[in-house]
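Peer 1: Below is the file final-v4.cif, which contains mmCIF, C-alpha atoms.
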```
data_coords
#
loop_
_atom_site.group_PDB
_atom_site.id
_atom_site.type_symbol
_atom_site.label_atom_id
_atom_site.label_comp_id
_atom_site.auth_asym_id
_atom_site.auth_seq_id
_atom_site.Cartn_x
_atom_site.Cartn_y
_atom_site.Cartn_z
ATOM 1 C CA MET A 18 25.094 -42.506 -14.457
ATOM 2 C CA ASN A 19 25.218 -43.963 -17.918
ATOM 3 C CA GLY A 20 23.478 -41.736 -20.461
ATOM 4 C CA ASP A 21 23.501 -44.172 -23.371
ATOM 5 C CA VAL A 22 19.827 -45.066 -23.847
ATOM 6 C CA ALA A 23 20.739 -48.272 -25.696
ATOM 7 C CA LYS A 24 22.507 -49.529 -22.560
ATOM 8 C CA ARG A 25 19.874 -48.531 -20.016
ATOM 9 C CA LEU A 26 18.368 -51.028 -17.631
ATOM 10 C CA SER A 27 15.120 -52.383 -18.994
ATOM 11 C CA ARG A 28 13.675 -54.799 -16.427
ATOM 12 C CA LEU A 29 13.811 -55.652 -12.725
ATOM 13 C CA VAL A 30 12.473 -58.907 -11.262
ATOM 14 C CA PHE A 31 12.244 -59.454 -7.502
ATOM 15 C CA LEU A 32 13.330 -63.083 -7.144
ATOM 16 C CA GLY A 33 12.831 -63.059 -3.387
ATOM 17 C CA THR A 34 11.663 -60.511 -0.828
ATOM 18 C CA GLY A 35 11.911 -62.446 2.442
ATOM 19 C CA THR A 36 14.282 -62.654 5.370
ATOM 20 C CA SER A 37 16.930 -65.231 6.242
ATOM 21 C CA GLN A 38 14.229 -67.765 7.196
ATOM 22 C CA GLY A 39 11.867 -66.955 4.350
ATOM 23 C CA VAL A 40 8.082 -66.841 4.725
ATOM 24 C CA PRO A 41 6.398 -69.088 5.764
ATOM 25 C CA VAL A 42 8.834 -69.935 8.548
ATOM 26 C CA ILE A 43 9.329 -73.640 9.265
ATOM 27 C CA GLY A 44 6.958 -74.778 12.002
ATOM 28 C CA CYS A 45 5.198 -71.427 12.381
ATOM 29 C CA GLY A 46 1.403 -71.229 12.437
ATOM 30 C CA CYS A 47 0.999 -67.456 12.523
ATOM 31 C CA ASP A 48 -1.534 -65.676 10.360
ATOM 32 C CA VAL A 49 1.058 -64.619 7.778
ATOM 33 C CA CYS A 50 2.705 -68.043 7.545
ATOM 34 C CA ARG A 51 -0.732 -69.629 6.999
ATOM 35 C CA SER A 52 -1.757 -67.060 4.383
ATOM 36 C CA GLU A 53 -2.768 -68.387 0.977
ATOM 37 C CA ASP A 54 -1.950 -65.063 -0.688
ATOM 38 C CA PRO A 55 1.132 -65.680 -2.919
ATOM 39 C CA LYS A 56 2.383 -62.213 -1.954
ATOM 40 C CA ASP A 57 2.841 -63.470 1.610
ATOM 41 C CA GLN A 58 5.123 -66.300 0.461
ATOM 42 C CA ARG A 59 8.639 -64.920 0.355
ATOM 43 C CA LEU A 60 11.902 -66.573 -0.669
ATOM 44 C CA ARG A 61 15.231 -65.136 0.458
ATOM 45 C CA SER A 62 15.955 -61.657 -0.940
ATOM 46 C CA SER A 63 17.428 -61.365 -4.430
ATOM 47 C CA LEU A 64 16.978 -59.148 -7.488
ATOM 48 C CA TRP A 65 17.346 -59.917 -11.215
ATOM 49 C CA VAL A 66 18.499 -56.871 -13.167
ATOM 50 C CA GLN A 67 18.179 -56.912 -16.977
ATOM 51 C CA GLN A 68 19.713 -54.660 -19.584
ATOM 52 C CA GLY A 69 18.529 -55.914 -22.959
ATOM 53 C CA GLU A 70 20.014 -59.402 -23.272
ATOM 54 C CA THR A 71 22.322 -58.901 -20.288
ATOM 55 C CA SER A 72 21.308 -60.444 -16.943
ATOM 56 C CA VAL A 73 22.763 -59.708 -13.519
ATOM 57 C CA VAL A 74 21.547 -61.168 -10.225
ATOM 58 C CA VAL A 75 22.086 -59.513 -6.858
ATOM 59 C CA ASP A 76 22.847 -62.273 -4.294
ATOM 60 C CA THR A 77 22.552 -66.044 -4.604
ATOM 61 C CA GLY A 78 20.796 -67.192 -1.448
ATOM 62 C CA PRO A 79 19.619 -70.695 -0.512
ATOM 63 C CA ASP A 80 16.656 -70.355 -2.907
ATOM 64 C CA PHE A 81 18.743 -69.365 -5.942
ATOM 65 C CA ARG A 82 18.078 -72.559 -7.950
ATOM 66 C CA HIS A 83 14.322 -72.344 -7.363
ATOM 67 C CA GLN A 84 14.338 -68.633 -8.195
ATOM 68 C CA MET A 85 16.121 -69.213 -11.493
ATOM 69 C CA LEU A 86 13.726 -71.989 -12.468
ATOM 70 C CA ARG A 87 10.514 -70.133 -11.681
ATOM 71 C CA SER A 88 11.710 -66.840 -13.194
ATOM 72 C CA GLY A 89 12.631 -68.462 -16.500
ATOM 73 C CA CYS A 90 16.150 -67.020 -16.424
ATOM 74 C CA THR A 91 18.311 -68.780 -19.026
ATOM 75 C CA ARG A 92 21.300 -66.435 -19.161
ATOM 76 C CA LEU A 93 23.417 -64.943 -16.387
ATOM 77 C CA ASP A 94 26.274 -62.539 -17.045
ATOM 78 C CA ALA A 95 27.296 -61.670 -13.479
ATOM 79 C CA VAL A 96 26.396 -61.932 -9.814
ATOM 80 C CA VAL A 97 26.776 -58.944 -7.500
ATOM 81 C CA TYR A 98 26.904 -59.566 -3.750
ATOM 82 C CA THR A 99 25.688 -57.315 -0.949
ATOM 83 C CA HIS A 100 27.328 -59.192 1.929
ATOM 84 C CA GLU A 101 28.489 -62.555 3.168
ATOM 85 C CA HIS A 102 25.567 -63.917 5.219
ATOM 86 C CA LYS A 103 24.270 -67.338 4.204
ATOM 87 C CA ASP A 104 20.889 -66.085 3.015
ATOM 88 C CA HIS A 105 22.779 -64.088 0.375
ATOM 89 C CA VAL A 106 25.585 -66.449 -0.740
ATOM 90 C CA ALA A 107 24.515 -70.054 -0.042
ATOM 91 C CA GLY A 108 23.293 -70.828 -3.569
ATOM 92 C CA MET A 109 26.461 -69.897 -5.473
ATOM 93 C CA ASP A 110 27.116 -73.505 -6.539
ATOM 94 C CA ASP A 111 23.999 -73.398 -8.721
ATOM 95 C CA VAL A 112 25.603 -71.033 -11.220
ATOM 96 C CA ARG A 113 27.005 -74.178 -12.885
ATOM 97 C CA PRO A 114 24.206 -74.574 -15.475
ATOM 98 C CA PHE A 115 25.038 -71.088 -16.741
ATOM 99 C CA ASN A 116 28.685 -72.130 -17.080
ATOM 100 C CA TYR A 117 27.612 -75.135 -19.149
ATOM 101 C CA ARG A 118 25.257 -73.125 -21.367
ATOM 102 C CA GLN A 119 27.475 -70.116 -21.898
ATOM 103 C CA LYS A 120 30.874 -71.880 -22.005
ATOM 104 C CA GLN A 121 32.550 -69.216 -19.892
ATOM 105 C CA ARG A 122 33.411 -68.246 -16.364
ATOM 106 C CA LEU A 123 30.878 -66.200 -14.441
ATOM 107 C CA PRO A 124 32.088 -62.943 -12.842
ATOM 108 C CA LEU A 125 31.240 -62.586 -9.148
ATOM 109 C CA TYR A 126 31.470 -59.035 -7.809
ATOM 110 C CA ALA A 127 32.264 -59.233 -4.102
ATOM 111 C CA SER A 128 33.827 -57.293 -1.262
ATOM 112 C CA GLU A 129 36.914 -58.658 0.467
ATOM 113 C CA ARG A 130 34.793 -60.235 3.216
ATOM 114 C CA VAL A 131 32.356 -61.808 0.741
ATOM 115 C CA GLU A 132 35.263 -63.162 -1.298
ATOM 116 C CA ALA A 133 36.753 -64.769 1.818
ATOM 117 C CA THR A 134 33.405 -66.408 2.598
ATOM 118 C CA LEU A 135 32.968 -67.729 -0.939
ATOM 119 C CA ARG A 136 36.518 -69.107 -0.975
ATOM 120 C CA ARG A 137 35.886 -70.854 2.347
ATOM 121 C CA ASP A 138 32.382 -72.203 1.723
ATOM 122 C CA PHE A 139 32.984 -73.170 -1.910
ATOM 123 C CA HIS A 140 36.683 -74.010 -1.600
ATOM 124 C CA TYR A 141 36.388 -76.750 -4.213
ATOM 125 C CA ALA A 142 35.576 -74.145 -6.883
ATOM 126 C CA PHE A 143 38.844 -72.329 -6.279
ATOM 127 C CA HIS A 144 41.197 -75.288 -5.819
ATOM 128 C CA PRO A 145 43.883 -75.464 -8.560
ATOM 129 C CA ALA A 146 43.074 -79.134 -9.120
ATOM 130 C CA SER A 147 39.291 -78.690 -9.264
ATOM 131 C CA HIS A 148 37.440 -80.906 -11.743
ATOM 132 C CA GLY A 149 34.827 -79.956 -14.332
ATOM 133 C CA GLY A 150 31.771 -80.340 -12.095
ATOM 134 C CA VAL A 151 32.350 -77.196 -10.026
ATOM 135 C CA PRO A 152 31.320 -73.569 -10.505
ATOM 136 C CA HIS A 153 33.613 -71.771 -12.944
ATOM 137 C CA VAL A 154 33.717 -68.262 -11.553
ATOM 138 C CA GLU A 155 35.952 -65.230 -11.578
ATOM 139 C CA LEU A 156 36.027 -63.056 -8.453
ATOM 140 C CA ARG A 157 36.117 -59.310 -9.002
ATOM 141 C CA ARG A 158 36.664 -57.070 -5.996
ATOM 142 C CA VAL A 159 34.083 -54.485 -4.965
ATOM 143 C CA ALA A 160 35.805 -51.640 -3.150
ATOM 144 C CA GLU A 161 34.092 -49.602 -0.432
ATOM 145 C CA SER A 162 32.439 -47.045 -2.707
ATOM 146 C CA SER A 163 34.250 -47.353 -6.053
ATOM 147 C CA PRO A 164 31.957 -47.783 -9.082
ATOM 148 C CA PHE A 165 32.407 -50.683 -11.489
ATOM 149 C CA VAL A 166 30.921 -51.387 -14.912
ATOM 150 C CA ILE A 167 29.024 -54.472 -16.100
ATOM 151 C CA GLU A 168 28.255 -54.529 -19.831
ATOM 152 C CA GLY A 169 28.273 -50.760 -20.112
ATOM 153 C CA VAL A 170 26.178 -50.052 -17.015
ATOM 154 C CA THR A 171 27.767 -48.447 -13.951
ATOM 155 C CA TRP A 172 27.141 -50.002 -10.553
ATOM 156 C CA GLN A 173 27.764 -47.635 -7.647
ATOM 157 C CA PRO A 174 28.337 -49.420 -4.316
ATOM 158 C CA LEU A 175 26.346 -47.910 -1.452
ATOM 159 C CA PRO A 176 28.080 -48.512 1.898
ATOM 160 C CA VAL A 177 25.501 -49.115 4.650
ATOM 161 C CA MET A 178 25.581 -50.715 8.093
ATOM 162 C CA HIS A 179 24.010 -54.029 9.107
ATOM 163 C CA ALA A 180 24.420 -53.697 12.897
ATOM 164 C CA GLU A 181 28.241 -53.653 13.218
ATOM 165 C CA LEU A 182 28.816 -55.194 9.783
ATOM 166 C CA PRO A 183 29.570 -52.936 6.799
ATOM 167 C CA VAL A 184 27.597 -54.173 3.778
ATOM 168 C CA HIS A 185 26.777 -52.876 0.310
ATOM 169 C CA GLY A 186 23.663 -51.657 -1.380
ATOM 170 C CA TYR A 187 23.909 -50.619 -5.038
ATOM 171 C CA LEU A 188 22.859 -47.700 -7.182
ATOM 172 C CA VAL A 189 22.357 -48.705 -10.811
ATOM 173 C CA GLU A 190 21.290 -45.817 -13.014
ATOM 174 C CA ASP A 191 18.129 -44.514 -11.303
ATOM 175 C CA VAL A 192 17.510 -47.559 -9.076
ATOM 176 C CA ALA A 193 18.908 -48.000 -5.566
ATOM 177 C CA TYR A 194 18.798 -51.428 -3.910
ATOM 178 C CA ILE A 195 19.498 -51.650 -0.169
ATOM 179 C CA THR A 196 18.822 -54.722 1.914
ATOM 180 C CA ASP A 197 19.997 -55.823 5.384
ATOM 181 C CA ALA A 198 20.633 -52.313 6.681
ATOM 182 C CA ASN A 199 19.829 -50.455 9.863
ATOM 183 C CA ALA A 200 21.877 -47.297 9.233
ATOM 184 C CA ILE A 201 22.822 -45.306 6.137
ATOM 185 C CA PRO A 202 25.819 -42.952 6.376
ATOM 186 C CA GLU A 203 25.426 -39.356 5.238
ATOM 187 C CA ALA A 204 27.865 -39.942 2.364
ATOM 188 C CA THR A 205 25.651 -42.746 1.068
ATOM 189 C CA LEU A 206 22.495 -40.657 1.431
ATOM 190 C CA ALA A 207 24.190 -38.030 -0.731
ATOM 191 C CA LEU A 208 24.665 -40.645 -3.472
ATOM 192 C CA LEU A 209 20.912 -41.318 -3.382
ATOM 193 C CA GLU A 210 19.950 -37.762 -4.228
ATOM 194 C CA GLY A 211 17.599 -37.710 -7.220
ATOM 195 C CA VAL A 212 17.079 -41.495 -7.353
ATOM 196 C CA ASP A 213 13.825 -42.520 -9.056
ATOM 197 C CA THR A 214 13.237 -45.942 -7.484
ATOM 198 C CA LEU A 215 14.394 -47.036 -4.022
ATOM 199 C CA VAL A 216 14.296 -50.643 -2.839
ATOM 200 C CA LEU A 217 14.794 -50.760 0.934
ATOM 201 C CA ASN A 218 14.589 -53.373 3.653
ATOM 202 C CA ALA A 219 11.737 -53.179 6.171
ATOM 203 C CA LEU A 220 11.900 -56.208 8.432
ATOM 204 C CA ARG A 221 8.932 -55.796 10.785
ATOM 205 C CA PRO A 222 6.894 -53.172 12.655
ATOM 206 C CA GLN A 223 9.038 -53.528 15.788
ATOM 207 C CA PRO A 224 12.621 -52.179 16.078
ATOM 208 C CA HIS A 225 15.473 -54.596 15.320
ATOM 209 C CA TYR A 226 19.176 -54.368 16.076
ATOM 210 C CA SER A 227 20.381 -54.931 12.495
ATOM 211 C CA HIS A 228 17.472 -54.142 10.160
ATOM 212 C CA PHE A 229 15.226 -51.155 9.596
ATOM 213 C CA SER A 230 11.791 -51.463 11.141
ATOM 214 C CA LEU A 231 8.902 -50.334 8.967
ATOM 215 C CA GLU A 232 8.761 -46.937 10.701
ATOM 216 C CA GLU A 233 12.501 -46.446 10.223
ATOM 217 C CA ALA A 234 12.317 -47.521 6.583
ATOM 218 C CA VAL A 235 9.491 -45.054 5.936
ATOM 219 C CA ASP A 236 11.596 -42.297 7.517
ATOM 220 C CA VAL A 237 14.552 -43.161 5.281
ATOM 221 C CA ALA A 238 12.278 -43.273 2.235
ATOM 222 C CA HIS A 239 10.921 -39.810 3.047
ATOM 223 C CA ARG A 240 14.461 -38.520 3.416
ATOM 224 C CA VAL A 241 15.592 -40.003 0.090
ATOM 225 C CA GLY A 242 12.456 -38.750 -1.663
ATOM 226 C CA ALA A 243 12.382 -41.294 -4.484
ATOM 227 C CA ARG A 244 9.390 -41.259 -6.810
ATOM 228 C CA GLN A 245 8.672 -44.872 -5.792
ATOM 229 C CA THR A 246 9.908 -46.919 -2.835
ATOM 230 C CA TRP A 247 9.542 -50.700 -2.596
ATOM 231 C CA PHE A 248 10.079 -52.420 0.758
ATOM 232 C CA THR A 249 11.829 -55.808 0.744
ATOM 233 C CA HIS A 250 13.455 -58.292 3.168
ATOM 234 C CA VAL A 251 10.087 -58.588 4.923
ATOM 235 C CA SER A 252 9.511 -61.066 7.757
ATOM 236 C CA HIS A 253 6.419 -62.960 8.923
ATOM 237 C CA LEU A 254 6.150 -60.425 11.764
ATOM 238 C CA MET A 255 4.887 -57.855 9.283
ATOM 239 C CA PRO A 256 1.097 -57.989 8.735
ATOM 240 C CA ARG A 257 -0.188 -59.709 5.616
ATOM 241 C CA HIS A 258 0.807 -58.012 2.379
ATOM 242 C CA ALA A 259 -2.558 -56.394 1.656
ATOM 243 C CA GLU A 260 -2.910 -54.973 5.166
ATOM 244 C CA ALA A 261 0.686 -53.789 5.350
ATOM 245 C CA GLU A 262 0.551 -52.063 1.979
ATOM 246 C CA ALA A 263 -2.686 -50.263 2.862
ATOM 247 C CA ASN A 264 -0.942 -48.547 5.755
ATOM 248 C CA VAL A 265 2.155 -47.009 4.161
ATOM 249 C CA PRO A 266 2.397 -43.515 2.661
ATOM 250 C CA SER A 267 1.721 -42.741 -0.976
ATOM 251 C CA GLY A 268 4.650 -43.632 -3.212
ATOM 252 C CA MET A 269 5.670 -46.532 -0.975
ATOM 253 C CA ARG A 270 4.714 -50.164 -1.474
ATOM 254 C CA PHE A 271 5.736 -53.652 -0.412
ATOM 255 C CA ALA A 272 7.627 -55.683 -2.984
ATOM 256 C CA TYR A 273 6.675 -59.332 -3.426
ATOM 257 C CA ASP A 274 8.234 -62.367 -5.061
ATOM 258 C CA GLY A 275 7.841 -62.138 -8.816
ATOM 259 C CA LEU A 276 7.231 -58.386 -8.844
ATOM 260 C CA THR A 277 8.429 -57.203 -12.245
ATOM 261 C CA LEU A 278 9.194 -53.613 -13.159
ATOM 262 C CA GLU A 279 9.820 -52.472 -16.731
ATOM 263 C CA ARG A 280 11.047 -49.102 -17.901
ATOM 264 C CA ARG A 281 8.329 -47.347 -19.891
ATOM 265 C CA ASP A 282 8.319 -43.682 -20.869
ATOM 266 C CA GLY A 283 11.248 -43.034 -18.565
ATOM 267 C CA HIS A 284 9.724 -44.603 -15.438
ATOM 268 C CA TRP A 285 9.581 -48.036 -13.856
ATOM 269 C CA VAL A 286 6.125 -49.591 -14.166
ATOM 270 C CA GLU A 287 4.783 -52.739 -12.483
ATOM 271 C CA VAL A 288 3.855 -55.388 -15.050
ATOM 272 C CA LEU A 289 2.399 -58.883 -14.857
ATOM 273 C CA ASN A 290 5.045 -61.570 -15.135
ATOM 274 C CA PRO A 291 3.435 -65.019 -14.781
ATOM 275 C CA ALA A 292 6.782 -66.807 -15.143
ATOM 276 C CA SER A 293 7.976 -65.228 -11.896
ATOM 277 C CA THR A 294 4.993 -66.148 -9.728
ATOM 278 C CA GLY A 295 3.928 -69.309 -8.019
ATOM 279 C CA ALA A 296 5.756 -71.733 -5.731
#
```
Can you turn what I pasted into structure tokens?
Peer 2:
Amino acid sequence: MNGDVAKRLSRLVFLGTGTSQGVPVIGCGCDVCRSEDPKDQRLRSSLWVQQGETSVVVDTGPDFRHQMLRSGCTRLDAVVYTHEHKDHVAGMDDVRPFNYRQKQRLPLYASERVEATLRRDFHYAFHPASHGGVPHVELRRVAESSPFVIEGVTWQPLPVMHAELPVHGYLVEDVAYITDANAIPEATLALLEGVDTLVLNALRPQPHYSHFSLEEAVDVAHRVGARQTWFTHVSHLMPRHAEAEANVPSGMRFAYDGLTLERRDGHWVEVLNPASTGA
């Protein structure tokens, strides 16, 4: 991990903490989907990682434009992708305003499968004869578990399984971010030793074939032993935020859209961030 204090991560903003359908789900009248608590209203999962003036976003799902507007993000230096499913890549086209503002191509860190999906779904951005009104991006390959560096900070890929699909979580300094997983190999668990803050998917109370249930996520969190665990990628099948959070062990909480963590005195602390809340 990078020991240069001047380059340490300073801020984390949860842009979205929901599943592929988001919460509320279209046409659903369940108790959670009808909740007026903003913490029960979840856009598709994404994280904004800040290191001083440097901004990196993990995944650009269908809500990416809305997330950028409500978070107040005005600079983006890179996007890092976990995997190729639509709820994690569909918003890539909306990086264009950052191209216009910053007058440069935007690096996209992606596995071979994610790169193939981006090249297929956004083919116009990669065509040799593309015009000026397309995303200007530069694909950079993420290998299975080989670290890479963004603006002086090391990103360690964390190979995990999403049913039969290999996907990536990431370890960045003392923060681990894992979404869309239902199994973590022993080699990846070894990389998580000593992590301070774990962000982990917990889809619902009931078992699921490609995501951790809440019970499974709690078991993984106990095994990792992070000082603080935040559950994300939460569906409308989980109880309302307040009820769900009241029934998890100490040191574990449910993330919510707009949750902002800042590094203070060596630890990540929850702070109020009005710009990141609201619909």
Peer 1: As number ranges by chain, please: the residues near Glu203 in chain A (cut-off 12 Å, only C-alpha atoms, same-chain neighbours under 2 positions excluded).
Peer 2: A: 175-178, 200-201, 205-210, 237, 240-241
Peer 1: Please evaluate the PyMOL selection byres ((chain A and resi 213-226) around 7) against the structure above and give the resulting residues as a PyMOL selection string.
Peer 2: chain A and resi 180+191-198+211-212+227-232+234+243-252+254-255
Peer 1: Quick one: of A:Glu70, A:Asp110, A:Asp76, A:Glu262, who's nearest to His185 in chain A, counting only C-alpha atoms?
Peer 2: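 Ranked by minimum distance to His185 in chain A, first place goes to A:Asp76.
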Peer 1: I need the residue nearest Gln173 in chain A from this list: A:Pro202, A:Val97, A:Arg270, A:Val154. Use only C-alpha atoms for the distance.
Peer 2: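 Distance minimum relative to Gln173 in chain A lands on A:Val97.
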Peer 1: Provide the CA of Arg92 in chain A to CA of Glu279 in chain A distance in Å, to one decimal place.
Peer 2: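 Computing the Euclidean distance for CA of Arg92 in chain A and CA of Glu279 in chain A yields 18.2 Å.
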Peer 1: Ranking A:Asn199, A:Asp138, A:Glu129, A:Ser27 by minimum distance to Glu181 in chain A and counting only C-alpha atoms, which one comes first?
Peer 2: A:Asn199
